[in-house]
Amino acid sequence: MRKKTAARLTIYAGREKGRLFLLFLCALTAGVIDIISPYLLGRAVDFYLSDGSVDFSGLAHLLLLLASMLALHTLTSAAVYALSVKTANRIVKRIRADAFEKLTDLPVSYYDSHSHGDVISRFINDADMLAEGLLQGITQLFLGIVTVAGALIFMLRIDGAVTLAVVLVSLLTFAVAASVTVFTGKYFKNQQRLTGSLTGYTQEYVAGAKTVKAFSMEEQVQGEFDEISEQLREAGQKAQFVSSLSNPTTRFVGNLAYISVGLVGGLISQLSAGGISSLILYAAQFERPFNNFTAVTTQILAAAAAARRIFELIDESPQPPDLAEEKLGQAKGEVEFKNVEFSYSKDRPLIKDLSIRVRPGERVAVVGPTGSGKTTLVNLLMRFYDTGAGQILIDGRDIFKCERDDLRRQFSMVLQDTWLFEGTVEENIAYGKPDAAHEEVVAAAKAAGAHGFIKRLEKGYETVISEEGENLSAGERQLLTIARAMLKDAPMLILDEATSNVDTLTESRISKAFLKMMKDKTCFVIAHRLSTIRESDLILIMNEGRVVEQGTHDELMSRNGFYEGLYNSQFTAV
Amino acid sequence: MKYLLPYLKPYKKQFVAGPVSKLIEAALELTLPFYMARIIDGGIIAGDRGVIKNTGLLMVLIISVGLISAVICQYSAAVASQGFGKRLRSALFSRVGRLSFARLDRFGADTLSTRIINDVTQLQNAVSMFIRLIIRAPLICIGSVIAAFMLDAELALVILAAMPLFALIIFVIMRVSIPLYKKQQEKLDRLSGILRENLSGVRVIRAFVKTNDEKKRFFCQSDEFAAGADRVGIISAMLSPATMLIMNGAIIAVIWFGGFRFQSGEMTQGEIIAFINYIAQILNVLIVSANLIVLFTRAHASLGRIGEILSSEPDLREMELTPMRSERAAKNAPVVSFSGVGFSYSGSGEMALKDISFALMPGESMGIIGLTGSGKSTLVKLIPRFYDPSRGRVEFLGRDVKDYRLSELRDKIGVAEQTTRLFTGTIESNIRFGNPGASTGEIKKACAVAQAAEFIEKKREQYGAPVERGGRNLSGGQRQRLAIARALVRKPALLILDDAGSALDYATEAALYKALYSEKNRPAMIIISQRISSVRAAGRILVLDEGRAAGFGTHEELLETCGIYKEIYHMQNREDRHCEKKPRRD
């Protein structure tokens, strides 16, 4: 599992080959200078002659050389840092893009069944964590490799046995670090998971803060928050502590190596004092990268856990690919449901053997008690969900064989859920037709009865709708979604409780516009208020996932069935 | 910074133990070269293997003690930083809960949750680093400078000259990067905003075939974020090489000027080498500090964002005093009374409510009707003090609402709104939200009155059936009925139904009102609706028009006297009569 994450990260890193190569060259240069400069410094001091005088001209030459090398060192190490930053950010940007790409290709059921806060946390918190870890990892890795290699070469030139001791001890270091890694993996996973659920909780309850207040439930909500937060603290403390042990442990092992230089050098190799002091210097240099690397293990392990969570999203199975065997073009608007079956969860069938036929230009009303499956029809028609069995045909073509976008272009729709995005009023109305002229937008707004209140907004059509449209009332937001649908001229129309948030006076004022909009189009009108649907060509009465009655208003009234009961109930005095 | 002290205070012990044990480790480590010198001088050169062995063992002992100290330090850091993070999160979450509506709207849920989670993590990291590194670095630095001065004061001037340069570089880099980090966090907020919109609006986005545009929007913001991250990351990363440049320059200067000191016989070769070693040591420490500074710079941006929340005062001041005692809620006092109430949302000067007066007695109910935007919802928001009136007085059970503790006041009021917020959990947990102490019987009763029992009992898990985020897995009508049950289970003195039945079909709505009105000991009710049939039975009806009371009376009275009411009635009534007459006259 961990290997898989590492391997996938390597693939992403592989796409930065050029940059990584440059990074390696710079690190190599900086590393070589790092190793030579102590030697040159020693040479410089040799210009202090034993007679107490100084060879200033020789010294000047050497110092000039040293200065230019150190300047080069500054440049190359600066480049190493800069390139590491860029590479890490590039990799994360690619991963984030792939994750978003996947998100847009997931079936709607994923959106309906996953905590949005948790998904956002993967894109924000986890990606951030990954970037930090990658940056530290890349910098230390490249600077480290060169130093380790260089120090090794210099040590070997002095004494084989001591070098062997140092290397063996370092391998031990590595084993220690690796075991810590294995040990802490689950803690980090736990920490990231809890961060995700805390984000989800926070999102939900911050957005619902008004409800919490209305019920003065602040204390209980705070209690639940604190509970998850405490779990996170516990997990975080474990993860942080255990992973941070690797640094002192490697330092301990490094010191062991240092001591073993003295012991092995003195007892076995019987080196000279000078030899030992040089070896000590290089052994320290050899150990430093290990020490640096383990200093950032916490970040690197957190990054690995974060990467896993993002890859988890990327690995979700997408909606079935578009077949594009049929093309709808500009549909006439004949719609047929043939023996359609559907359920949201396997054990509870919702729609059973549903068959209806709608001729082009007809207006179909779907009525029924709440929860009877009316909105599910829209989900199926728009292919937000796919049917379990049976077929839906438009102009005789199976919609399963059409491209989803092609299918969805056939419909204009207004939903009960009044989703708007953060942008100006004008941009929101022109959502389905971004190139619409201002006059068209205003005309649509007027037809939808929205022009009046838009004009009263601080900046009119340029007013920015805040997050979730909190500065507009539900009714006003719905009028905007109606204007939005009016501007998108599609052959068919879906109105799913389109006026549920609007008062009856306003509703009757915009009904004219609705009628104009519905003219010559196949329309599906879902409503629970029966007054709006009386003139429909076909009324479908749904109950428990089945069409229990269908016909025109008069036919249904004379049948004295379910519809008649539903219809008369609205006039019963309360 | 002062905001954070209360959350750091409980960890005094760790703030002492951590750095001290780190210091012990560092000090022990510094003795190693001394013992190594003994191995070389006393062991290798003198050829005494015993000295080598014994000294070696002593050194192993020393580093073992060092390891233990280091572990103590890391543990202190983990405990203090994670504990601090938890306390801070808790405080932030609770403060967010107390923000006024206006402020909540201004901040927005996205940035608030990013701050509570992400920004706290940044500060938490900073605290951990602080404990682990803060003492060691300056001590080694100061120690080395002192040692250098003792070696040769004149040559040490080179180090003194390097210090202001170092300070300048830190200053410049921080000056440039702090605002950039702040901008980065804002970009992150925008990115998370786009994500949230894409998650909540997936149906509309796909229906309008806008997926590709949304991708472009996301990638564009993601590019911008990455570009910003590059810029600020690179600027911060330059601190390390710049420090090296300065210190390497100092080393070269020392060798050059040292030459003169050597020639004049004031320094020996060995002393100059030692001098260089001290500079190297300072260099190492400074590089570590540089990394620390980068981290703190980042944390500084988070600190500002968190401070913004912690420093924003709740707009409504709660009664500090315990409320006047033994107030036998006067039997004949109205449940709610408005006298001359006017209200304007801060900012816009326009009055949302103008001169509203009425009184509602126990057991009574009243309807409020009016067009979208006429101030219906605003009016009822003044009762549980979501807002305070700009003019006039709102009384609840005979007392000014401002004389209550907020929780005491709100506990007596049940509200169900048109757009309902349900929370992830079960049906039962959502209803219990209205009254955590409710018995199962009470919950079932409330659901029965709210007409929710039927659909709940059809579910396999019944009251334990899961409710997904925001009640997504329920229909609008089901959500509204749960919200009404949630309000009812509180056994409130006042029940406010703010268009709470708008998604119900007529039959269900009629049954709901029938059940509500036939309750014994029913609460006083305020029913807001756009449908005359819903408010007609409430007795008196308040008609609002652009914030003004356009009429107040029974249905029959209003038909006589109130123009707007008549208009609404005829419009709805005309529709009613449509059943005889098929073609629509529009």
# chains A, B, ... in the order shown; residues from 1 in each chain; ligands from 1
call {"tool": "residues_around", "arguments": {"residues": "Tyr563 in chain A", "least_positions_apart": "2", "cutoff": "9 Å", "atoms": "only C-alpha atoms", "output": "list of chain:residue names"}}
result
A:Val367, A:Gly368, A:Ile541, A:Glu549, A:His553, A:Leu556, A:Met557, A:Arg559, A:Asn560, A:Gly561, A:Gly565, A:Leu566, A:Tyr567, A:Asn568
call {"tool": "write_last_selection", "arguments": {"atoms": "N, CA and C atoms", "output": "PDB file, in the first residue's frame"}}
result
ATOM      1  N   VAL A 367     -47.411  14.570 -10.388  1.00  0.00           N
ATOM      2  CA  VAL A 367     -47.847  14.906  -9.034  1.00  0.00           C
ATOM      3  C   VAL A 367     -47.839  13.659  -8.166  1.00  0.00           C
ATOM      4  N   GLY A 368     -47.877  13.921  -6.911  1.00  0.00           N
ATOM      5  CA  GLY A 368     -47.903  12.805  -5.986  1.00  0.00           C
ATOM      6  C   GLY A 368     -47.397  13.267  -4.647  1.00  0.00           C
ATOM      7  N   ILE A 541     -49.791  10.591 -11.976  1.00  0.00           N
ATOM      8  CA  ILE A 541     -49.901  10.568 -10.520  1.00  0.00           C
ATOM      9  C   ILE A 541     -48.984   9.475 -10.022  1.00  0.00           C
ATOM     10  N   GLU A 549     -51.941   6.662 -11.729  1.00  0.00           N
ATOM     11  CA  GLU A 549     -52.997   7.092 -12.639  1.00  0.00           C
ATOM     12  C   GLU A 549     -52.358   7.994 -13.675  1.00  0.00           C
ATOM     13  N   HIS A 553     -56.713  16.327 -16.664  1.00  0.00           N
ATOM     14  CA  HIS A 553     -57.381  16.706 -15.430  1.00  0.00           C
ATOM     15  C   HIS A 553     -58.829  16.205 -15.399  1.00  0.00           C
ATOM     16  N   LEU A 556     -59.144  12.466 -15.063  1.00  0.00           N
ATOM     17  CA  LEU A 556     -58.775  11.989 -13.738  1.00  0.00           C
ATOM     18  C   LEU A 556     -59.837  12.340 -12.697  1.00  0.00           C
ATOM     19  N   MET A 557     -60.424  13.533 -12.850  1.00  0.00           N
ATOM     20  CA  MET A 557     -61.440  13.956 -11.888  1.00  0.00           C
ATOM     21  C   MET A 557     -62.657  13.041 -11.975  1.00  0.00           C
ATOM     22  N   ARG A 559     -62.656  10.073 -12.719  1.00  0.00           N
ATOM     23  CA  ARG A 559     -62.369   8.691 -12.339  1.00  0.00           C
ATOM     24  C   ARG A 559     -62.537   8.468 -10.828  1.00  0.00           C
ATOM     25  N   ASN A 560     -62.643   9.617 -10.081  1.00  0.00           N
ATOM     26  CA  ASN A 560     -62.817   9.531  -8.622  1.00  0.00           C
ATOM     27  C   ASN A 560     -61.749   8.696  -7.933  1.00  0.00           C
ATOM     28  N   GLY A 561     -60.529   8.850  -8.371  1.00  0.00           N
ATOM     29  CA  GLY A 561     -59.461   8.021  -7.791  1.00  0.00           C
ATOM     30  C   GLY A 561     -58.543   8.817  -6.885  1.00  0.00           C
ATOM     31  N   GLY A 565     -58.938  12.679  -4.908  1.00  0.00           N
ATOM     32  CA  GLY A 565     -58.775  12.872  -3.468  1.00  0.00           C
ATOM     33  C   GLY A 565     -57.733  13.921  -3.169  1.00  0.00           C
ATOM     34  N   LEU A 566     -56.600  13.818  -3.873  1.00  0.00           N
ATOM     35  CA  LEU A 566     -55.502  14.756  -3.683  1.00  0.00           C
ATOM     36  C   LEU A 566     -55.962  16.166  -4.034  1.00  0.00           C
ATOM     37  N   TYR A 567     -56.700  16.252  -5.139  1.00  0.00           N
ATOM     38  CA  TYR A 567     -57.116  17.560  -5.624  1.00  0.00           C
ATOM     39  C   TYR A 567     -58.084  18.228  -4.663  1.00  0.00           C
ATOM     40  N   ASN A 568     -59.018  17.478  -4.183  1.00  0.00           N
ATOM     41  CA  ASN A 568     -60.016  18.076  -3.310  1.00  0.00           C
ATOM     42  C   ASN A 568     -59.459  18.424  -1.944  1.00  0.00           C
TER      43      ASN A 568
END
call {"tool": "residues_around", "arguments": {"residues": "Leu397 in chain B", "least_positions_apart": "3", "cutoff": "7 Å", "atoms": "only C-alpha atoms", "output": "ChimeraX atom specification"}}
result
/B:329,333-336
call {"tool": "write_last_selection", "arguments": {"atoms": "C-alpha atoms", "output": "PDB file, in the first residue's frame"}}
result
ATOM      1  CA  ALA B 329     -44.565  34.812  34.207  1.00  0.00           C
ATOM      2  CA  ALA B 333     -49.049  38.706  30.050  1.00  0.00           C
ATOM      3  CA  PRO B 334     -48.936  38.198  26.317  1.00  0.00           C
ATOM      4  CA  VAL B 335     -46.479  35.572  25.030  1.00  0.00           C
ATOM      5  CA  VAL B 336     -45.141  38.050  22.514  1.00  0.00           C
TER       6      VAL B 336
END
call {"tool": "select_by_dssp", "arguments": {"residues": "range 36-67 of chain A", "states": "alpha helix (DSSP H)", "output": "JSON, numbers by chain"}}
result
{"A": [36, 37, 38, 39, 40, 41, 42, 43, 44, 45, 56, 57, 58, 59, 60, 61, 62, 63, 64, 65, 66, 67]}
call {"tool": "write_last_selection", "arguments": {"atoms": "C-alpha atoms", "output": "PDB file, in the first residue's frame"}}
result
ATOM      1  CA  ILE A  36      36.154  20.701  -1.139  1.00  0.00           C
ATOM      2  CA  SER A  37      35.857  23.951   0.743  1.00  0.00           C
ATOM      3  CA  PRO A  38      37.065  22.624   4.116  1.00  0.00           C
ATOM      4  CA  TYR A  39      40.127  21.380   2.258  1.00  0.00           C
ATOM      5  CA  LEU A  40      40.677  24.762   0.603  1.00  0.00           C
ATOM      6  CA  LEU A  41      40.203  26.515   3.929  1.00  0.00           C
ATOM      7  CA  GLY A  42      42.955  24.327   5.334  1.00  0.00           C
ATOM      8  CA  ARG A  43      45.179  25.272   2.407  1.00  0.00           C
ATOM      9  CA  ALA A  44      44.449  28.928   3.005  1.00  0.00           C
ATOM     10  CA  VAL A  45      45.695  28.715   6.540  1.00  0.00           C
ATOM     11  CA  PHE A  56      49.449  37.709   1.166  1.00  0.00           C
ATOM     12  CA  SER A  57      49.618  37.430  -2.627  1.00  0.00           C
ATOM     13  CA  GLY A  58      49.242  33.643  -2.511  1.00  0.00           C
ATOM     14  CA  LEU A  59      46.513  34.002   0.088  1.00  0.00           C
ATOM     15  CA  ALA A  60      44.701  36.588  -2.038  1.00  0.00           C
ATOM     16  CA  HIS A  61      44.683  34.229  -5.019  1.00  0.00           C
ATOM     17  CA  LEU A  62      43.373  31.326  -3.002  1.00  0.00           C
ATOM     18  CA  LEU A  63      40.771  33.404  -1.226  1.00  0.00           C
ATOM     19  CA  LEU A  64      39.594  34.756  -4.569  1.00  0.00           C
ATOM     20  CA  LEU A  65      39.178  31.191  -5.780  1.00  0.00           C
ATOM     21  CA  LEU A  66      37.432  30.250  -2.556  1.00  0.00           C
ATOM     22  CA  ALA A  67      35.170  33.302  -2.747  1.00  0.00           C
TER      23      ALA A  67
END
call {"tool": "residues_around", "arguments": {"residues": "range 209-211 of chain A", "least_positions_apart": "4", "cutoff": "8 Å", "atoms": "only C-alpha atoms", "output": "VMD selection string"}}
result
(chain A and resid 205 215) or (chain B and resid 97 101 421)
call {"tool": "closest_residue", "arguments": {"among": "A:Leu75, A:Ile394, A:Leu479, A:Ala365", "to": "chain B", "atoms": "only C-alpha atoms"}}
result
A:Leu75
call {"tool": "closest_residue", "arguments": {"among": "A:Gln231, A:Thr76, A:Asn255, A:Ser473", "to": "Gly375 in chain B", "atoms": "only C-alpha atoms"}}
result
A:Ser473
call {"tool": "atom_distance", "arguments": {"atom1": "CA of Ile383 in chain B", "atom2": "CA of Pro362 in chain B"}}
result
15.2 Å
call {"tool": "atom_distance", "arguments": {"atom1": "CA of Ala235 in chain A", "atom2": "CA of Tyr11 in chain B"}}
result
18.4 Å
call {"tool": "select_by_dssp", "arguments": {"residues": "range 335-535 of chain A", "states": "strand (DSSP E)", "output": "MDAnalysis selection string"}}
result
chainID A and resid 335:342 351:358 363:367 389:394 397:398 411:414 492:496 522:526
call {"tool": "write_last_selection", "arguments": {"atoms": "N, CA and C atoms", "output": "short mmCIF file (atom, residue, chain, number, x, y, z; two decimals), in the first residue's frame"}}
result
data_model
loop_
_atom_site.label_atom_id
_atom_site.label_comp_id
_atom_site.auth_asym_id
_atom_site.auth_seq_id
_atom_site.Cartn_x
_atom_site.Cartn_y
_atom_site.Cartn_z
N VAL A 335 -40.60 11.74 -25.79
CA VAL A 335 -39.94 11.05 -24.69
C VAL A 335 -40.70 9.80 -24.33
N GLU A 336 -39.96 8.72 -24.18
CA GLU A 336 -40.63 7.48 -23.79
C GLU A 336 -39.86 6.75 -22.70
N PHE A 337 -40.56 6.37 -21.66
CA PHE A 337 -39.99 5.50 -20.62
C PHE A 337 -40.52 4.10 -20.89
N LYS A 338 -39.62 3.13 -21.02
CA LYS A 338 -40.06 1.77 -21.32
C LYS A 338 -39.66 0.84 -20.19
N ASN A 339 -40.60 0.38 -19.43
CA ASN A 339 -40.37 -0.59 -18.35
C ASN A 339 -39.18 -0.24 -17.47
N VAL A 340 -39.14 1.02 -17.05
CA VAL A 340 -37.98 1.48 -16.29
C VAL A 340 -38.04 1.00 -14.84
N GLU A 341 -36.91 0.53 -14.37
CA GLU A 341 -36.80 0.18 -12.95
C GLU A 341 -35.61 0.93 -12.36
N PHE A 342 -35.73 1.29 -11.10
CA PHE A 342 -34.63 2.02 -10.48
C PHE A 342 -34.73 1.96 -8.96
N ILE A 351 -38.51 2.67 -8.18
CA ILE A 351 -39.36 2.73 -9.35
C ILE A 351 -39.45 1.33 -9.96
N LYS A 352 -40.68 0.89 -10.20
CA LYS A 352 -40.87 -0.46 -10.71
C LYS A 352 -41.67 -0.40 -11.99
N ASP A 353 -41.09 -0.90 -13.05
CA ASP A 353 -41.82 -1.09 -14.30
C ASP A 353 -42.61 0.15 -14.71
N LEU A 354 -41.89 1.25 -14.91
CA LEU A 354 -42.54 2.50 -15.27
C LEU A 354 -42.51 2.70 -16.78
N SER A 355 -43.68 2.91 -17.37
CA SER A 355 -43.75 3.17 -18.81
C SER A 355 -44.62 4.39 -19.05
N ILE A 356 -44.07 5.38 -19.75
CA ILE A 356 -44.88 6.51 -20.18
C ILE A 356 -44.44 6.94 -21.56
N ARG A 357 -45.34 7.65 -22.23
CA ARG A 357 -45.01 8.11 -23.57
C ARG A 357 -45.48 9.56 -23.70
N VAL A 358 -44.57 10.43 -24.12
CA VAL A 358 -44.90 11.84 -24.24
C VAL A 358 -44.61 12.29 -25.67
N ARG A 363 -47.25 18.91 -22.51
CA ARG A 363 -46.88 19.30 -21.16
C ARG A 363 -47.28 18.18 -20.20
N VAL A 364 -46.28 17.66 -19.51
CA VAL A 364 -46.54 16.55 -18.60
C VAL A 364 -46.41 17.05 -17.17
N ALA A 365 -47.41 16.80 -16.38
CA ALA A 365 -47.32 17.16 -14.98
C ALA A 365 -47.13 15.90 -14.17
N VAL A 366 -46.23 15.99 -13.21
CA VAL A 366 -46.02 14.84 -12.34
C VAL A 366 -46.43 15.24 -10.94
N VAL A 367 -47.41 14.57 -10.39
CA VAL A 367 -47.85 14.91 -9.03
C VAL A 367 -47.84 13.66 -8.17
N ALA A 389 -33.04 -1.03 -14.99
CA ALA A 389 -33.49 -1.84 -16.12
C ALA A 389 -34.43 -0.99 -16.95
N GLY A 390 -34.66 -1.39 -18.16
CA GLY A 390 -35.56 -0.64 -19.02
C GLY A 390 -34.83 0.43 -19.79
N GLN A 391 -35.58 1.20 -20.56
CA GLN A 391 -34.97 2.18 -21.45
C GLN A 391 -35.69 3.51 -21.34
N ILE A 392 -34.95 4.60 -21.56
CA ILE A 392 -35.59 5.89 -21.75
C ILE A 392 -35.20 6.35 -23.15
N LEU A 393 -36.19 6.70 -23.96
CA LEU A 393 -35.91 7.08 -25.34
C LEU A 393 -36.31 8.53 -25.58
N ILE A 394 -35.46 9.25 -26.29
CA ILE A 394 -35.84 10.59 -26.75
C ILE A 394 -35.77 10.57 -28.26
N ARG A 397 -34.44 7.51 -29.57
CA ARG A 397 -33.05 7.10 -29.35
C ARG A 397 -32.83 6.84 -27.87
N ASP A 398 -32.15 5.75 -27.60
CA ASP A 398 -31.87 5.38 -26.21
C ASP A 398 -30.90 6.40 -25.60
N PHE A 411 -32.32 19.99 -22.41
CA PHE A 411 -33.21 20.43 -21.33
C PHE A 411 -32.81 21.77 -20.72
N SER A 412 -33.84 22.54 -20.41
CA SER A 412 -33.67 23.67 -19.50
C SER A 412 -34.29 23.23 -18.21
N MET A 413 -33.71 23.59 -17.09
CA MET A 413 -34.41 23.14 -15.90
C MET A 413 -34.33 24.11 -14.73
N VAL A 414 -35.37 24.09 -13.93
CA VAL A 414 -35.40 24.85 -12.69
C VAL A 414 -35.66 23.85 -11.58
N MET A 492 -36.45 21.09 -24.52
CA MET A 492 -37.34 20.55 -23.49
C MET A 492 -37.12 21.28 -22.17
N LEU A 493 -38.12 21.15 -21.32
CA LEU A 493 -38.09 21.95 -20.10
C LEU A 493 -38.45 21.08 -18.90
N ILE A 494 -37.69 21.25 -17.82
CA ILE A 494 -38.04 20.55 -16.58
C ILE A 494 -38.24 21.59 -15.49
N LEU A 495 -39.39 21.57 -14.87
CA LEU A 495 -39.62 22.45 -13.73
C LEU A 495 -39.89 21.57 -12.53
N ASP A 496 -38.89 21.46 -11.66
CA ASP A 496 -39.06 20.59 -10.49
C ASP A 496 -39.36 21.46 -9.28
N THR A 522 -41.60 20.21 -25.09
CA THR A 522 -41.99 19.14 -24.20
C THR A 522 -41.60 19.57 -22.79
N CYS A 523 -42.57 19.55 -21.89
CA CYS A 523 -42.28 20.03 -20.54
C CYS A 523 -42.62 18.99 -19.50
N PHE A 524 -41.77 18.92 -18.53
CA PHE A 524 -42.08 18.10 -17.36
C PHE A 524 -42.22 19.04 -16.17
N VAL A 525 -43.41 19.09 -15.61
CA VAL A 525 -43.65 19.99 -14.49
C VAL A 525 -43.93 19.15 -13.27
N ILE A 526 -43.05 19.29 -12.30
CA ILE A 526 -43.25 18.53 -11.06
C ILE A 526 -43.77 19.49 -10.02
#
